[in-house]
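Report on one structure; see the data block that follows.
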Amino acid sequence: MSRKKSVDPELSHRLSRRNMLGVTAGAGAAALLGLSAGTAGAVGSAAQGKGAGATQPVLPPNRLGIQLYSLRDKIAEIGFAAVFKELESFGYDEIEYAGYTQGIGNISVKQLARLAKSYGLNGIGSHVNYADSNPDGYSFATKLEQVLDDAEALGLEHIGTASSPARYGNTVDAYKRAAEEFNTYGEAARARGMKFYQHNHGDEFAFATDNPNVRLYDVLLEETDPKFVFLEMDIYWAYTGQFRFSVTPEGKPRPFEPIDYVVQQPHRYPLFHVKDGVHDPDSRDGYDMTDVGDGDIDYKTFIQKVNKTNKGRTYHHWQVEHDQPVDSIAFARKSADHLHALTEKKKG
């Protein structure tokens, strides 16, 4: 499973001194670094035996990542190296970029790639704007070759966007037009040995403004070439879409389950965002974002179902994220602990 290292005494002391998480060294630092007794027990039991009671981790090995947008405040404060060191200690295997400087000043993508590698972190993907109103802006539409050059220098397997496909509107034809551009980006990425992907929010699950019976996300899937365009399902936002758009504007029931999209086309979903929420039927989205493990989204079952698809356990990558964590380092540690502790009975 994802690695968990021994506690780094210097790191524990530094974190304690900064009082970033309000713990002291020793037992508190062990808990901080994901080595609490409960987690250690879960890891131990997951690795034990072949008997009837043997268990295995639900989380596939070497597939735990984090979207660095969640840690943008700490990167700006203490730098990439200090953050990467903590992520390594928490047992992360992968990182997903959201910009390559995070306000720290001049750093090249090659330097960033070397730094991540030195902490055992694999750059798995990156979010880049779909388009930019500035013709010199950094986006797929304006700087495709530069975007791909940078992704290649970082050694990324995937390069994508979290921008909405609604560049031209929310009609069927508008989404078809965006899909055509995504196909172009995907073909160019494939030529360099990478996969282009789109990350959803909730609005993609809305219905087309010119056809209330057509879900826009379905248009995106149907109009993009599966050889060139892949999807990163943000599971939290998919559930908010389920809450908001299970009835058409005309009042017809149109429920959907986010997991069904994946089960039907598992090859199209190499990446996932693991983001949690407390169900709140009085909010617009139906959920209030929270740390992974503190909400109502059943990630154990979701990951298990993805693992059982014909792509299996080793194809998909799981990136934790929180848009506005109260304490981003605590969020990263807690999320890793929760996902590492998910176990299931091992089949004979």
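Residues are named by chain letter and number: chains run A, B, ... in the order of the structure tokens, numbers start at 1 in each chain, and ligands are numbered from 1 in the order shown.
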
Tell me which protein, DNA and RNA residues are within 9 Å of Met194 (chain A), counting only C-alpha atoms, leaving out same-chain ones fewer than 6 positions away, and put them as a ChimeraX atom specification.
/A:148,151-152,156-159,186,188

Let's have the selection written as an mmCIF file, in the first residue's frame, with C-alpha atoms.
```cif
data_model
loop_
_atom_site.group_PDB
_atom_site.id
_atom_site.type_symbol
_atom_site.label_atom_id
_atom_site.label_comp_id
_atom_site.auth_asym_id
_atom_site.auth_seq_id
_atom_site.Cartn_x
_atom_site.Cartn_y
_atom_site.Cartn_z
ATOM 1 C CA LEU A 148 2.404 20.395 -23.235
ATOM 2 C CA ALA A 151 3.774 18.893 -18.683
ATOM 3 C CA GLU A 152 6.430 16.877 -20.488
ATOM 4 C CA LEU A 156 3.260 14.084 -16.150
ATOM 5 C CA GLU A 157 1.137 11.179 -17.295
ATOM 6 C CA HIS A 158 -1.941 13.397 -17.512
ATOM 7 C CA ILE A 159 -2.510 17.050 -18.331
ATOM 8 C CA GLY A 186 -6.264 15.317 -26.382
ATOM 9 C CA ALA A 188 -1.859 16.633 -29.184
#
```

Could you name the residues that touch Val262 (chain A) at 9 Å or less, counting only C-alpha atoms, but leaving out those on the same chain fewer than 4 positions away, as a PDB file with N, CA and C atoms, in the first residue's frame?
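Saved to part-v8.pdb:
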```pdb
ATOM      1  N   MET A 233     -13.128  12.564 -12.362  1.00  0.00           N
ATOM      2  CA  MET A 233     -14.363  12.823 -11.644  1.00  0.00           C
ATOM      3  C   MET A 233     -14.052  13.401 -10.267  1.00  0.00           C
ATOM      4  N   PRO A 258     -23.353   8.961  -9.658  1.00  0.00           N
ATOM      5  CA  PRO A 258     -22.019   9.255 -10.188  1.00  0.00           C
ATOM      6  C   PRO A 258     -21.197   8.011 -10.510  1.00  0.00           C
ATOM      7  N   PRO A 266     -14.911   2.669 -17.370  1.00  0.00           N
ATOM      8  CA  PRO A 266     -13.825   2.855 -16.390  1.00  0.00           C
ATOM      9  C   PRO A 266     -12.523   3.356 -17.011  1.00  0.00           C
ATOM     10  N   HIS A 267     -12.301   3.035 -18.300  1.00  0.00           N
ATOM     11  CA  HIS A 267     -11.067   3.467 -18.954  1.00  0.00           C
ATOM     12  C   HIS A 267     -11.002   4.976 -19.119  1.00  0.00           C
ATOM     13  N   ARG A 268     -12.150   5.648 -19.049  1.00  0.00           N
ATOM     14  CA  ARG A 268     -12.165   7.091 -19.258  1.00  0.00           C
ATOM     15  C   ARG A 268     -11.892   7.872 -17.977  1.00  0.00           C
ATOM     16  N   TYR A 269     -11.799   7.175 -16.851  1.00  0.00           N
ATOM     17  CA  TYR A 269     -11.640   7.841 -15.548  1.00  0.00           C
ATOM     18  C   TYR A 269     -10.352   7.404 -14.853  1.00  0.00           C
ATOM     19  N   VAL A 306     -15.044   1.030  -7.939  1.00  0.00           N
ATOM     20  CA  VAL A 306     -14.114   1.347  -9.024  1.00  0.00           C
ATOM     21  C   VAL A 306     -13.067   0.244  -9.157  1.00  0.00           C
ATOM     22  N   THR A 309     -14.097  -2.744 -11.318  1.00  0.00           N
ATOM     23  CA  THR A 309     -14.347  -2.614 -12.750  1.00  0.00           C
ATOM     24  C   THR A 309     -13.277  -3.382 -13.523  1.00  0.00           C
TER      25      THR A 309
END
```

For a quick check of understanding, using only C-alpha atoms, which of A:Ile235, A:Ala189, A:Val229, A:Ile303 has the smallest distance to Val274 (chain A)?
A:Ile235

6 Å contact set for Ser139 (chain A), only C-alpha atoms, chain neighbours under 5 positions out, as number ranges by chain
A: 128-131

Kindly save the residues from that selection, with N, CA, C and O atoms included, as a CSV table (one decimal), in the first residue's frame.
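This went into out_8.csv:
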```
chain,number,residue,atom,x,y,z
A,128,VAL,N,-4.8,23.2,-15.9
A,128,VAL,CA,-4.4,24.4,-16.7
A,128,VAL,C,-5.7,25.0,-17.2
A,128,VAL,O,-6.7,24.2,-17.5
A,129,ASN,N,-5.8,26.3,-17.3
A,129,ASN,CA,-7.0,26.9,-17.9
A,129,ASN,C,-7.3,26.4,-19.3
A,129,ASN,O,-6.4,26.1,-20.1
A,130,TYR,N,-8.6,26.2,-19.5
A,130,TYR,CA,-9.1,25.8,-20.9
A,130,TYR,C,-8.8,26.9,-21.9
A,130,TYR,O,-8.2,26.7,-22.9
A,131,ALA,N,-9.2,28.1,-21.5
A,131,ALA,CA,-9.1,29.3,-22.4
A,131,ALA,C,-8.7,30.5,-21.5
A,131,ALA,O,-8.8,30.5,-20.3
```

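For Lys308 (chain A), the residues within 12 Å (counting only C-alpha atoms, excluding itself and residues fewer than 6 positions away along the chain) are Val58, Pro60, Ile259, Val262, Val263, Gln264, Pro266, Thr301, Phe302, Thr314, Tyr315 and His316 of chain A.
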